[in-house]
Structure formats: C-alpha cells, structure tokens
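Undergrad: query-v2.tsv is reproduced in full below (TSV, C-alpha atoms).
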chain	number	residue	atom	x	y	z
A	901	MET	CA	-11.18	-10.19	-18.42
A	902	VAL	CA	-11.26	-12.09	-15.16
A	903	ASP	CA	-13.16	-10.32	-12.37
A	904	ILE	CA	-10.63	-9.19	-9.74
A	905	THR	CA	-12.85	-6.66	-7.95
A	906	HIS	CA	-13.11	-8.93	-4.90
A	907	LYS	CA	-9.33	-9.21	-4.44
A	908	ILE	CA	-7.20	-7.19	-2.06
A	909	HIS	CA	-4.07	-5.19	-2.84
A	910	THR	CA	-0.72	-6.81	-2.05
A	911	LEU	CA	2.85	-6.16	-3.13
A	912	ARG	CA	3.34	-8.02	-6.40
A	913	THR	CA	6.74	-8.64	-7.98
A	914	ALA	CA	7.92	-10.58	-11.02
A	915	THR	CA	11.24	-11.25	-12.73
A	916	ALA	CA	11.47	-12.41	-16.33
A	917	THR	CA	14.46	-13.13	-18.54
A	918	ALA	CA	15.19	-13.28	-22.25
A	919	ILE	CA	18.30	-14.15	-24.23
A	920	VAL	CA	19.63	-12.45	-27.33
A	921	LYS	CA	22.34	-14.46	-29.08
A	922	VAL	CA	24.60	-12.78	-31.62
A	923	SER	CA	26.75	-14.63	-34.16
A	924	LYS	CA	30.14	-12.96	-33.67
A	925	ALA	CA	32.28	-11.32	-31.02
A	926	GLU	CA	32.44	-8.10	-33.07
A	927	THR	CA	28.75	-7.51	-32.41
A	928	ILE	CA	29.27	-7.68	-28.64
A	929	GLU	CA	32.22	-5.32	-28.96
A	930	ALA	CA	30.17	-2.85	-30.99
A	931	ILE	CA	27.45	-2.86	-28.29
A	932	GLN	CA	29.94	-2.35	-25.46
A	933	LYS	CA	31.79	0.46	-27.24
A	934	ASN	CA	28.55	2.12	-28.39
A	935	LEU	CA	29.44	1.77	-32.06
A	936	VAL	CA	26.13	0.38	-33.35
A	937	PRO	CA	24.85	2.73	-36.13
A	938	LYS	CA	21.30	2.90	-34.71
A	939	GLY	CA	22.51	4.12	-31.30
A	940	ASN	CA	23.09	2.89	-27.78
A	941	VAL	CA	21.60	-0.59	-27.83
A	942	PHE	CA	21.29	-1.12	-24.08
A	943	GLU	CA	19.65	2.24	-23.40
A	944	MET	CA	17.33	2.16	-26.41
A	945	ALA	CA	16.22	-1.40	-25.64
A	946	LYS	CA	15.68	-0.52	-21.98
A	947	THR	CA	13.52	2.47	-22.92
A	948	ALA	CA	11.44	0.31	-25.25
A	949	GLY	CA	10.97	-2.22	-22.44
A	950	LEU	CA	9.79	0.48	-20.03
A	951	PHE	CA	7.19	1.67	-22.53
A	952	ALA	CA	6.12	-1.91	-23.23
A	953	VAL	CA	5.55	-2.96	-19.64
A	954	LYS	CA	3.28	0.02	-19.00
A	955	ASN	CA	1.20	-0.84	-22.05
A	956	THR	CA	0.89	-4.59	-21.65
A	957	HIS	CA	-2.88	-4.40	-21.25
A	958	THR	CA	-3.21	-2.76	-24.68
A	959	VAL	CA	-1.42	-5.71	-26.32
A	960	ILE	CA	-2.53	-8.76	-24.32
A	961	PRO	CA	-6.37	-8.83	-24.26
A	962	ASP	CA	-6.92	-10.42	-20.83
A	963	CYS	CA	-4.36	-8.32	-18.96
A	964	HIS	CA	-5.75	-5.69	-16.60
A	965	PRO	CA	-4.59	-2.08	-16.65
A	966	LEU	CA	-2.52	-1.70	-13.49
A	967	PRO	CA	-0.09	0.77	-11.96
A	968	ILE	CA	3.54	-0.11	-12.66
A	969	GLU	CA	5.40	1.26	-9.66
A	970	PHE	CA	8.90	-0.05	-10.34
A	971	THR	CA	10.75	-1.47	-13.32
A	972	SER	CA	14.41	-2.34	-13.79
A	973	VAL	CA	16.30	-3.75	-16.75
A	974	ASN	CA	19.72	-5.36	-16.37
A	975	TYR	CA	22.03	-7.15	-18.77
A	976	ASN	CA	24.60	-9.93	-18.40
A	977	ILE	CA	26.91	-10.83	-21.28
A	978	GLU	CA	27.95	-14.47	-21.42
A	979	GLY	CA	30.03	-15.20	-24.49
A	980	LEU	CA	27.84	-14.39	-27.47
A	981	GLU	CA	24.66	-14.26	-25.38
A	982	ILE	CA	23.11	-11.17	-23.84
A	983	HIS	CA	20.90	-12.12	-20.89
A	984	ILE	CA	18.11	-9.63	-20.16
A	985	ILE	CA	16.78	-9.49	-16.57
A	986	PHE	CA	13.49	-7.61	-16.28
A	987	ASN	CA	11.94	-6.79	-12.86
A	988	VAL	CA	8.49	-5.32	-12.23
A	989	LYS	CA	6.74	-4.29	-8.99
A	990	THR	CA	3.28	-3.01	-8.15
A	991	ILE	CA	0.84	-2.89	-5.27
A	992	TYR	CA	-2.35	-4.15	-6.80
A	993	LYS	CA	-4.96	-6.91	-6.96
A	994	THR	CA	-3.32	-9.00	-9.67
A	995	GLY	CA	0.19	-10.06	-10.57
A	996	VAL	CA	2.74	-8.63	-13.01
A	997	GLU	CA	4.15	-11.83	-14.52
A	998	VAL	CA	2.92	-11.10	-18.05
A	999	GLU	CA	4.10	-7.49	-17.76
A	1000	ALA	CA	7.62	-8.66	-16.89
A	1001	MET	CA	7.69	-11.19	-19.74
A	1002	HIS	CA	6.29	-8.63	-22.17
A	1003	GLY	CA	8.93	-6.12	-21.14
A	1004	ALA	CA	11.75	-8.66	-21.52
A	1005	SER	CA	10.50	-9.73	-24.96
A	1006	VAL	CA	10.31	-6.13	-26.25
A	1007	VAL	CA	13.81	-5.42	-24.97
A	1008	ALA	CA	15.00	-8.47	-26.91
A	1009	LEU	CA	13.12	-7.45	-30.07
A	1010	THR	CA	14.50	-3.91	-29.87
A	1011	MET	CA	18.02	-5.27	-29.58
A	1012	TYR	CA	17.39	-7.49	-32.60
A	1013	ASP	CA	16.10	-4.54	-34.62
A	1014	MET	CA	19.09	-2.37	-33.73
A	1015	LEU	CA	21.69	-5.07	-34.36
A	1016	LYS	CA	20.40	-6.62	-37.58
A	1017	PRO	CA	22.28	-4.16	-39.84
A	1018	ILE	CA	25.61	-5.43	-38.47
A	1019	ASP	CA	24.69	-9.05	-37.66
A	1020	LYS	CA	22.33	-11.07	-39.85
A	1021	GLN	CA	22.21	-14.18	-37.65
A	1022	ILE	CA	20.88	-12.90	-34.33
A	1023	GLU	CA	18.56	-15.18	-32.38
A	1024	ILE	CA	16.15	-14.47	-29.57
A	1025	GLY	CA	16.25	-17.31	-27.10
A	1026	THR	CA	14.14	-18.40	-24.15
A	1027	ILE	CA	11.79	-15.82	-22.67
A	1028	LYS	CA	10.59	-17.05	-19.29
A	1029	LEU	CA	9.30	-16.09	-15.89
A	1030	VAL	CA	11.99	-16.65	-13.26
A	1031	LYS	CA	10.05	-15.80	-10.11
A	1032	LYS	CA	6.97	-14.03	-8.85
A	1033	LYS	CA	5.71	-12.99	-5.45
A	1034	GLY	CA	2.51	-11.59	-3.98
A	1035	GLY	CA	-1.14	-12.55	-3.83
A	1036	LYS	CA	-2.71	-15.70	-2.43
A	1037	SER	CA	0.13	-18.02	-3.42
A	1038	SER	CA	2.59	-16.05	-1.28
A	1039	PHE	CA	0.43	-16.19	1.83
A	1040	PRO	CA	-0.54	-19.85	2.21
A	1041	ASN	CA	-2.94	-20.76	5.00
A	1042	LYS	CA	-2.16	-24.39	5.66
A	1043	GLN	CA	-4.21	-25.22	8.70
A	1044	ILE	CA	-2.79	-27.21	11.58
A	1045	SER	CA	-6.09	-29.03	11.91
A	1046	THR	CA	-9.70	-28.54	10.86
A	1047	LEU	CA	-11.23	-25.29	12.06
A	1048	ASN	CA	-14.86	-25.11	13.08
A	1049	ALA	CA	-17.15	-22.11	13.07
A	1050	SER	CA	-20.49	-20.92	14.33
A	1051	VAL	CA	-22.52	-18.37	12.35
A	1052	ILE	CA	-25.13	-16.33	14.22
A	1053	VAL	CA	-27.59	-14.07	12.42
A	1054	CYS	CA	-28.74	-11.18	14.61
A	1055	SER	CA	-32.05	-9.91	13.28
A	1056	ASP	CA	-35.49	-9.29	14.77
A	1057	THR	CA	-37.24	-9.62	11.40
A	1058	ILE	CA	-35.46	-12.81	10.33
A	1059	SER	CA	-35.93	-14.45	13.74
A	1060	GLU	CA	-39.66	-13.66	13.47
A	1061	GLY	CA	-39.82	-15.30	10.04
A	1062	LYS	CA	-40.63	-12.06	8.22
A	1063	LYS	CA	-37.51	-12.16	6.05
A	1064	GLU	CA	-35.12	-14.79	4.75
A	1065	ASP	CA	-31.46	-14.84	5.74
A	1066	PHE	CA	-28.95	-14.36	2.93
A	1067	ALA	CA	-26.03	-12.75	4.79
A	1068	GLY	CA	-25.42	-15.73	7.06
A	1069	LYS	CA	-25.54	-18.10	4.12
A	1070	ALA	CA	-23.00	-15.94	2.23
A	1071	ILE	CA	-20.68	-16.17	5.22
A	1072	ILE	CA	-21.10	-19.95	5.37
A	1073	LYS	CA	-20.30	-20.26	1.67
A	1074	LYS	CA	-17.05	-18.34	2.13
A	1075	LEU	CA	-16.07	-20.38	5.18
A	1076	GLU	CA	-16.70	-23.65	3.38
A	1077	ALA	CA	-14.59	-22.43	0.45
A	1078	ASN	CA	-11.76	-22.03	2.94
A	1079	ALA	CA	-12.19	-25.53	4.42
A	1080	VAL	CA	-13.76	-24.29	7.66
A	1081	THR	CA	-16.38	-26.65	9.09
A	1082	ILE	CA	-19.74	-25.11	10.02
A	1083	SER	CA	-20.87	-26.74	13.24
A	1084	ASN	CA	-23.57	-24.26	14.23
A	1085	TYR	CA	-25.88	-21.83	12.44
A	1086	GLU	CA	-28.79	-20.02	14.04
A	1087	VAL	CA	-30.87	-16.86	13.96
A	1088	ILE	CA	-31.49	-14.80	17.09
A	1089	PRO	CA	-33.17	-11.45	17.79
A	1090	ASP	CA	-31.23	-8.25	18.46
A	1091	GLU	CA	-30.93	-8.65	22.23
A	1092	VAL	CA	-27.73	-7.66	24.05
A	1093	ASP	CA	-27.88	-10.37	26.72
A	1094	LEU	CA	-28.68	-13.11	24.23
A	1095	ILE	CA	-25.90	-12.08	21.84
A	1096	ARG	CA	-23.42	-11.89	24.71
A	1097	SER	CA	-24.33	-15.27	26.18
A	1098	LYS	CA	-24.16	-16.90	22.74
A	1099	ALA	CA	-20.67	-15.51	22.19
A	1100	LEU	CA	-19.40	-16.75	25.54
A	1101	ASP	CA	-20.94	-20.22	25.17
A	1102	LEU	CA	-19.89	-20.77	21.57
A	1103	ALA	CA	-16.34	-19.48	22.10
A	1104	GLU	CA	-15.62	-22.44	24.37
A	1105	HIS	CA	-16.11	-24.98	21.58
A	1106	HIS	CA	-15.41	-23.10	18.33
A	1107	ASN	CA	-12.41	-21.58	16.62
A	1108	LEU	CA	-14.56	-18.96	14.93
A	1109	VAL	CA	-17.80	-17.28	15.97
A	1110	ILE	CA	-19.20	-14.90	13.37
A	1111	PHE	CA	-22.17	-12.66	14.01
A	1112	THR	CA	-23.90	-10.92	11.12
A	1113	GLY	CA	-26.31	-8.05	11.69
A	1114	GLY	CA	-26.73	-5.37	14.31
A	1115	THR	CA	-23.59	-3.40	13.45
A	1116	GLY	CA	-25.32	-0.33	12.06
A	1117	LEU	CA	-26.68	2.72	13.85
A	1118	SER	CA	-30.37	1.99	14.27
A	1119	PHE	CA	-31.89	1.72	17.74
A	1120	ARG	CA	-31.91	-2.10	17.61
A	1121	ASP	CA	-28.33	-2.44	16.32
A	1122	VAL	CA	-26.63	-3.65	19.49
A	1123	THR	CA	-24.17	-6.36	18.43
A	1124	PRO	CA	-21.04	-4.26	19.10
A	1125	GLU	CA	-22.39	-3.21	22.50
A	1126	ALA	CA	-23.01	-6.85	23.35
A	1127	LEU	CA	-19.57	-8.08	22.30
A	1128	GLU	CA	-17.13	-5.31	23.17
A	1129	PRO	CA	-17.22	-5.82	26.98
A	1130	ILE	CA	-16.45	-9.55	26.71
A	1131	LEU	CA	-13.74	-9.49	24.04
A	1132	GLU	CA	-10.43	-10.12	25.75
A	1133	ARG	CA	-8.34	-8.61	22.95
A	1134	ARG	CA	-9.59	-6.40	20.15
A	1135	ILE	CA	-7.98	-6.73	16.71
A	1136	PRO	CA	-8.32	-3.26	15.16
A	1137	GLY	CA	-6.51	-4.28	11.96
A	1138	ILE	CA	-9.30	-6.68	11.00
A	1139	GLU	CA	-11.93	-4.02	11.64
A	1140	GLU	CA	-9.96	-1.48	9.60
A	1141	ALA	CA	-9.49	-3.92	6.72
A	1142	ILE	CA	-13.22	-4.66	6.59
A	1143	ARG	CA	-14.24	-1.01	6.57
A	1144	SER	CA	-11.53	0.03	4.11
A	1145	TYR	CA	-12.50	-2.74	1.68
A	1146	GLY	CA	-16.17	-1.82	1.94
A	1147	GLN	CA	-15.51	1.91	1.62
A	1148	ASN	CA	-13.78	1.29	-1.71
A	1149	ARG	CA	-17.01	-0.26	-2.98
A	1150	MET	CA	-19.80	1.84	-1.52
A	1151	PRO	CA	-19.89	5.00	0.62
A	1152	TYR	CA	-22.21	3.71	3.34
A	1153	ALA	CA	-19.57	1.25	4.57
A	1154	MET	CA	-18.20	4.02	6.78
A	1155	LEU	CA	-21.31	3.66	8.95
A	1156	SER	CA	-20.64	0.03	9.80
A	1157	ARG	CA	-19.40	-0.79	13.31
A	1158	SER	CA	-17.80	-4.17	12.58
A	1159	VAL	CA	-15.98	-5.67	15.54
A	1160	ALA	CA	-13.16	-8.22	15.79
A	1161	GLY	CA	-11.45	-9.75	18.80
A	1162	THR	CA	-10.74	-12.90	20.74
A	1163	ILE	CA	-12.32	-14.78	23.60
A	1164	GLY	CA	-9.70	-17.28	24.68
A	1165	ASN	CA	-8.45	-18.88	21.47
A	1166	CYS	CA	-11.67	-18.16	19.60
A	1167	LEU	CA	-11.85	-15.41	17.00
A	1168	VAL	CA	-15.10	-13.46	17.21
A	1169	LEU	CA	-16.27	-11.28	14.32
A	1170	ALA	CA	-19.31	-9.02	14.08
A	1171	LEU	CA	-20.11	-8.25	10.44
A	1172	PRO	CA	-22.83	-6.21	8.68
A	1173	GLY	CA	-26.24	-7.77	8.19
A	1174	SER	CA	-26.72	-6.87	4.55
A	1175	THR	CA	-25.86	-9.61	2.09
A	1176	ASN	CA	-23.31	-7.51	0.22
A	1177	GLY	CA	-21.89	-6.13	3.45
A	1178	ALA	CA	-21.36	-9.61	4.87
A	1179	LYS	CA	-19.94	-11.00	1.64
A	1180	GLU	CA	-17.55	-8.09	1.11
A	1181	SER	CA	-16.42	-8.24	4.73
A	1182	MET	CA	-15.52	-11.89	4.30
A	1183	ASP	CA	-13.73	-11.14	1.03
A	1184	ALA	CA	-11.76	-8.41	2.80
A	1185	VAL	CA	-10.12	-10.69	5.37
A	1186	PHE	CA	-10.38	-14.29	4.15
A	1187	PRO	CA	-8.38	-16.43	3.87
A	1188	HIS	CA	-5.59	-14.32	5.39
A	1189	VAL	CA	-7.34	-13.89	8.74
A	1190	LEU	CA	-6.97	-17.64	9.33
A	1191	HIS	CA	-3.30	-16.96	10.07
A	1192	VAL	CA	-4.49	-15.83	13.51
A	1193	PHE	CA	-4.96	-19.44	14.59
A	1194	LYS	CA	-1.30	-20.25	14.03
A	1195	ILE	CA	-0.40	-17.28	16.24
A	1196	LEU	CA	-2.91	-18.29	18.90
A	1197	ARG	CA	-1.28	-21.75	18.93
A	1198	GLY	CA	2.15	-20.34	19.55
A	1199	GLN	CA	3.69	-20.17	16.09
A	1200	GLN	CA	5.71	-17.17	15.01
A	1201	HIS	CA	4.46	-14.63	12.45
I'd like the structure from this file rewritten - as structure tokens, please.

TA:
Amino acid sequence: MVDITHKIHTLRTATATAIVKVSKAETIEAIQKNLVPKGNVFEMAKTAGLFAVKNTHTVIPDCHPLPIEFTSVNYNIEGLEIHIIFNVKTIYKTGVEVEAMHGASVVALTMYDMLKPIDKQIEIGTIKLVKKKGGKSSFPNKQISTLNASVIVCSDTISEGKKEDFAGKAIIKKLEANAVTISNYEVIPDEVDLIRSKALDLAEHHNLVIFTGGTGLSFRDVTPEALEPILERRIPGIEEAIRSYGQNRMPYAMLSRSVAGTIGNCLVLALPGSTNGAKESMDAVFPHVLHVFKILRGQQH
C-alpha cells in the first residue's frame, strides 16, 4: 500500500456510474412494479452497493481502509438501460474513486443476479468514474512567478560546529519540491537580536523566510520571542495546522511554539529544530500555504 501518512485530511468526493442493459421492456416493467421473484431490485442492489463500498479495501489489495461518511445510489431508466449513479464522500487523506466504482459495479452485479431468472440476455455496460474532488488536484498552487526563500537554522550547537544540520536541509528539500528557489541558507546562534534583525533584513528581498529551531521551552529557545514583536500580522491557522498535524504523530508536538505571520508581503515561519519536527511541519502546510502569495498580491480566495 502507498504510504499516505504524510498527507492531510480533505473532503473527498467521487461519482461513478454503471449501466445495466436488459433485453426486453417486460423486465423494466417487472422492476418498476416490484414483480421480480427475488425481491425489490433497486433496494436490494442499493443495499449490496452500500456494503461493497465500505469493504472495498478487503477486495482491492492497494486500497486503504477509510471512513465512508456518505453514500448515495440513484437510478435513471433510459429505454432498456438502467443507469446507476453512485456517490461517495469522506474526509480523509486519500480519495474514494475506487470505492465509488466498486459500489457501482456491485450494484450492477446484484441487479444482474436478481434479474437473470426472468431475462437471460442482460448486459453490464460501462463502469466509469464521472468526477472526483478533493486532495492536491483540487487545490492547485500555480504560482504567479518564481518564489524565493531563505532558510535560517537557529542553533547554538550547530553554529559552533558541534552538530550537523538536518532540519534546515529537510525544509530546503520540501521547498525545492514545490518549485521554491532557495536564495539563502545559514546557521545562526539562538540570539534574540540576531534572529530579529535577520528576519527584518531578509523579509525585504524574500517571499518566504523560514526559521528552524528555538521554538521549544528550553532557556535558549527564543525564536518566537524574537519574531512575535515584528510580525505585522499573525496567521494562527498555519500555527494550528502545524501543531495539529504533529500532535497526530507524536505527543510532544504540543510543546512546540511554532509561529507564522507576515512582514510586508513576506511570509515568516518559525518551525521546530528537530528533523522530524521540521519535516512534519512542512508536510502539514505545503503546498497549500503557498496560496497566501496570491492573496498578498490582491487575488481573491
């Protein structure tokens, strides 16, 4: 199974269709008048589809178990064809396209099974995905122009050469994966005045300034104290998203004091200094946080 642990929850929807074609008008009439010997075809087939969609992961090997939070089954009769419309919704980390198609196919198969005693020439036609929504494809981040970023590692031990930086490099890797140019990378000690002056200087020439380190609760963790007085507008939603994402993965994330805000048109982030903390914080908000630059440039949400 594909690893989806790094993904975020979004509303996911999918609609799939299938066609059952009977060979005579009498079959359609029997369905409509509830005269089929095996029972009510529409209701039985719908029930089978509801069971199927909830158990897709037990049938299709690579499908993830996921919460099915809404399902609907509708029918349209066009001549000798019964069109099945199957809708599925969830709020999860992966889509429900296969679930919708599985549900539609089982509805069709159930109808076939119930109708075969009275019609020997039934066909199941095209089963296809009609539409889907949710996830990365529904929230494109087409940039107006190239964005540039500065990554600053705040650490006494790394600046003294006693330890190697991995958190800053993890941040850079994520930025590059999102087509953000890295124009500055440096390591500085945990000093309030130095952190503050760096933020003010870099904000004039960068779209993004990301600090990593100094967001914990030790005596030398001063990055939030350095940045909070100079941020013109805080963005609590980014901070909440980072902590919520981290808290779902390890309990100590609640102790992080990540900060997000703007200086002019520059987005400033202060992320944890641990490698996993920095990486997970980036996963929590990228690429969706890049939408902020469209807003800062006057576009509507």

Undergrad: Between CA of Lys921 (chain A) and CA of Ile968 (chain A), measure the distance and give it in Å to one decimal.

TA: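 Result for CA of Lys921 (chain A) versus CA of Ile968 (chain A): 28.8 Å, one decimal.
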
Undergrad: Could you tell me how far CA of Asn1048 (chain A) sits from CA of Glu1060 (chain A), in Å to one decimal place?

TA: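 CA of Asn1048 (chain A) lies at a distance of 27.3 Å from CA of Glu1060 (chain A).
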
Undergrad: Would you work out the distance separating CA of Ser1050 (chain A) from CA of His909 (chain A), expressed in Å to one decimal?

TA: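 These two atoms are separated by 28.5 Å.
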
Undergrad: Residues proximal to (5.2, -9.5, -10.3) were defined as those with any atom within 10 Å of that point in the file's coordinates, counting only C-alpha atoms. Which are they, as JSON, numbers by chain?

TA: {"A": [911, 912, 913, 914, 915, 916, 968, 987, 988, 989, 990, 991, 992, 994, 995, 996, 997, 998, 999, 1000, 1001, 1029, 1031, 1032, 1033, 1034, 1035]}

Undergrad: Have a look at A:Leu1169, A:Glu1180, A:Asp1013, A:Phe1119 and name the one nearest to Asn1148 (chain A); count all atoms listed in the file.

TA: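 Looking only at the distances to Asn1148 (chain A), the closest residue turns out to be A:Glu1180.
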
Undergrad: Excluding Arg1096 (chain A) and its own-chain neighbours fewer than 3 positions away, which residues fall within 12 Å of it when counting all atoms listed in the file? Please give them as an NGL selection string.

TA: :A and (1052 or 1054 or 1088-1093 or 1099-1103 or 1109 or 1111 or 1122-1131 or 1163 or 1168 or 1170)
